[in-house]
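Shown next, in structure tokens, is the structure this report addresses.
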Amino acid sequence: EDKFREMMSNQKMAWVFTSATLSVNDDLHHFTRRLGLDNAETLILPSPFNYQEQTLLCVPRFLPSPNQYGAAKQLAEQLRPLINLNRGRCFFLCTSHQMMRDLAAEFRQSLTLPVLVQGETSKTQLLRDFISSGNALLVATASFWEGVDVRGDALTCVIIDKLPFTAPDDPLLKARMEDCQVRGGDPFRDVQIPDAVISLKQGVGRLIRDTEDYGVIVICDNRIVMRPYGEIFLKSLPPSPRTRSLTKAAEFLAARQSQRRTAE
């Protein structure tokens with residue numbers, strides 16, 4: 001941050017930083033502190049999307065614990081009915097390549113829908129195949145959490161396997177946590193949680209890309225409703241109605257599909 005602050009002071013110009021996902025709990029200080037922007041003017045604008053009507057956030061009951069043995073099999077069994085009822089049109093975003101591979105194997109054994117998997121062809125081709133098929137499940141990680149724009153009925157369900165905390169052995173994370181500790185901060189509260197919140201917002205942001213879009217977000221991690229820090233994640237996400245019932249999630253999608261067909 002010191003180097004960046006010095007670079008900014010040497011450049012006599014205005015700097016503008018914009019993003020849909022930089023705030024944490026309706027606050028931008030995590031971003032401004034990291035860049036050394038001590039006197040930055042900040043502004044958070046409301047979204048043009050009507051999340052109350054367009055979306056539903058589901059955190060299902062009876063989820064496996066994070067890193068539990070056999071979690072992929074259990075998640076596949078729980079989510080299969082929703083994916084089938086929605087006729088695919090779903091991203092399953094994973095926090096690790098191992099979970100991605102395990103889920104893909106489970107779904108390919110149990111679904112008749114096309115199952116596309118990151119890494120088996122290029123990102124561009126995967127998106128083309130996903131849109132052209134009209135009924136596919138895309139199982140992905142990493143790069144598909146951000147910078148992917150699929151609008152309309154082609155994508156109406158985004159499922160996330162767990163809260164995207166960075167692996168504790170990541171060198172950049174370790175350096176930031178050590179620096180935070182030296183400064184007297186709490187590395188989990190001040191580094192790990194904000195980073196995970198921003199990553200989650202990016203993943204959730206794959207769903208609603210236009211004013212006419214609709215869909216369900218499923219987060220398969222009980223920590224978001226059971227741990228005190230889960231409230232920070234929930235407050236940082238778009239203001240979607242919430243449910244613990246996958247049945248209600250399926251009913252929401254069916255109702256929106258029916259409305260869309262009636263309107264056409």
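Residue numbers start at 1 in each chain; chains themselves are named A, B, ... in the order of the structure tokens; ligands are numbered from 1 in the order shown.
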
Find the residues around Arg87 of chain A up to 8 Å (only C-alpha atoms counted), leave out those fewer than 2 positions away in its own chain, and share them as a PDB file with N, CA, C and O atoms, in the first residue's frame.
ATOM      1  N   ILE A  83     -31.770 -29.254  -9.962  1.00  0.00           N
ATOM      2  CA  ILE A  83     -31.145 -29.104 -11.277  1.00  0.00           C
ATOM      3  C   ILE A  83     -32.017 -29.741 -12.350  1.00  0.00           C
ATOM      4  O   ILE A  83     -32.210 -29.177 -13.440  1.00  0.00           O
ATOM      5  N   ASN A  84     -32.583 -30.897 -12.061  1.00  0.00           N
ATOM      6  CA  ASN A  84     -33.473 -31.553 -13.022  1.00  0.00           C
ATOM      7  C   ASN A  84     -34.737 -30.733 -13.260  1.00  0.00           C
ATOM      8  O   ASN A  84     -35.157 -30.541 -14.411  1.00  0.00           O
ATOM      9  N   LEU A  85     -35.349 -30.260 -12.165  1.00  0.00           N
ATOM     10  CA  LEU A  85     -36.576 -29.476 -12.307  1.00  0.00           C
ATOM     11  C   LEU A  85     -36.342 -28.190 -13.094  1.00  0.00           C
ATOM     12  O   LEU A  85     -37.230 -27.711 -13.801  1.00  0.00           O
ATOM     13  N   ARG A  89     -29.520 -25.380 -16.949  1.00  0.00           N
ATOM     14  CA  ARG A  89     -29.414 -23.908 -16.909  1.00  0.00           C
ATOM     15  C   ARG A  89     -28.798 -23.443 -15.594  1.00  0.00           C
ATOM     16  O   ARG A  89     -29.245 -22.483 -14.965  1.00  0.00           O
ATOM     17  N   LEU A 113     -28.946 -34.792 -18.210  1.00  0.00           N
ATOM     18  CA  LEU A 113     -28.630 -33.496 -18.800  1.00  0.00           C
ATOM     19  C   LEU A 113     -27.142 -33.421 -19.149  1.00  0.00           C
ATOM     20  O   LEU A 113     -26.321 -34.130 -18.559  1.00  0.00           O
ATOM     21  N   ASN A 135     -29.861 -26.643 -21.687  1.00  0.00           N
ATOM     22  CA  ASN A 135     -30.270 -27.457 -20.521  1.00  0.00           C
ATOM     23  C   ASN A 135     -29.077 -28.077 -19.804  1.00  0.00           C
ATOM     24  O   ASN A 135     -29.170 -29.177 -19.263  1.00  0.00           O
ATOM     25  N   ALA A 136     -27.955 -27.353 -19.792  1.00  0.00           N
ATOM     26  CA  ALA A 136     -26.717 -27.931 -19.261  1.00  0.00           C
ATOM     27  C   ALA A 136     -26.461 -27.500 -17.820  1.00  0.00           C
ATOM     28  O   ALA A 136     -26.948 -26.478 -17.336  1.00  0.00           O
TER      29      ALA A 136
END

Discussion item. Could you go through segment 72-152 of chain A and tell me which residues DSSP, when run on the backbone, assigns to helix (DSSP H, G or I), listing them as a VMD selection string?
Written reply: chain A and resid 72 to 85 97 to 110 123 to 133 142 to 145 152

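Residues in contact with Phe49 of chain A at 9 Å, where only C-alpha atoms are counted and same-chain residues fewer than 2 positions away are skipped, are listed as Pro46, Ser47, Tyr51, Gln52, Gln54, Ile208, Arg209, Asp210, Thr211, Glu212 and Asp213 of chain A.
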
Could you dump the residues just selected with N, CA and C atoms as a CSV table (one decimal), in the first residue's frame?
chain,number,residue,atom,x,y,z
A,46,PRO,N,-27.2,2.1,-5.3
A,46,PRO,CA,-28.1,0.9,-5.3
A,46,PRO,C,-28.0,0.2,-6.6
A,47,SER,N,-28.3,-1.0,-6.6
A,47,SER,CA,-28.3,-1.8,-7.9
A,47,SER,C,-29.6,-1.5,-8.7
A,51,TYR,N,-33.8,-7.3,-6.8
A,51,TYR,CA,-33.5,-8.7,-6.2
A,51,TYR,C,-34.7,-9.2,-5.4
A,52,GLN,N,-35.5,-8.4,-4.8
A,52,GLN,CA,-36.6,-8.9,-4.0
A,52,GLN,C,-37.6,-9.7,-4.9
A,54,GLN,N,-36.7,-10.7,-8.3
A,54,GLN,CA,-36.0,-11.5,-9.3
A,54,GLN,C,-35.3,-12.7,-8.8
A,208,ILE,N,-27.7,-12.7,-11.9
A,208,ILE,CA,-28.5,-11.6,-12.5
A,208,ILE,C,-27.6,-10.6,-13.2
A,209,ARG,N,-27.8,-10.6,-14.5
A,209,ARG,CA,-27.0,-9.8,-15.4
A,209,ARG,C,-27.8,-8.8,-16.2
A,210,ASP,N,-29.1,-8.8,-16.0
A,210,ASP,CA,-30.0,-7.9,-16.8
A,210,ASP,C,-31.3,-7.7,-16.0
A,211,THR,N,-32.0,-6.6,-16.3
A,211,THR,CA,-33.2,-6.3,-15.5
A,211,THR,C,-34.3,-7.3,-15.7
A,212,GLU,N,-34.2,-8.2,-16.7
A,212,GLU,CA,-35.2,-9.2,-17.0
A,212,GLU,C,-34.8,-10.6,-16.4
A,213,ASP,N,-33.6,-10.7,-15.9
A,213,ASP,CA,-33.1,-12.0,-15.4
A,213,ASP,C,-33.9,-12.4,-14.1

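Each of A:Lys162, A:Lys12, A:Arg34, A:Arg101 was checked against Leu138 of chain A using only C-alpha atoms; the smallest atom-to-atom distance is that of A:Arg101.
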
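Between Leu28 of chain A and the residues A:Asn50, A:Thr112, A:Ser245, A:Ser236, the shortest atom-to-atom distance, using only C-alpha atoms, involves A:Ser236.
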
With only C-alpha atoms as the atoms that count, which of A:Cys180, A:Ile198, A:Leu207, A:Ile159 lies nearest to Lys235 of chain A?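 That would be A:Ile198, the residue with the smallest distance to Lys235 of chain A.
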
Computed gap from atom CA of His30 of chain A to atom CA of Leu234 of chain A is 16.9 Å

#### Entry: One-decimal distance in Å that lies between atom CA of Ile224 of chain A and atom CA of Pro194 of chain A
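Taking atom CA of Pro194 of chain A as the start and atom CA of Ile224 of chain A as the end point, the length is 13.7 Å.
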
One residue among A:Ile219, A:Cys90, A:Ala250, A:Val191 is nearest to Asp153 of chain A when using only C-alpha atoms, and that residue is A:Cys90

Name the closest residue to Asn222 of chain A among the candidates A:Ser65, A:Gln257, A:Asn39, A:Asn25; distances are taken between atoms, counting only C-alpha atoms.
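Ranking A:Ser65, A:Gln257, A:Asn39, A:Asn25 by distance to Asn222 of chain A, first place goes to A:Ser65.
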
Residues near segment 56-64 of chain A, cut-off 8 Å, only C-alpha atoms, skip fewer than 5 positions along chain, as JSON, numbers by chain: {"A": [51, 71, 74, 75, 215, 216, 217, 218, 219, 220, 221, 222, 225, 240, 241, 242, 243, 244, 245, 246, 249, 252]}
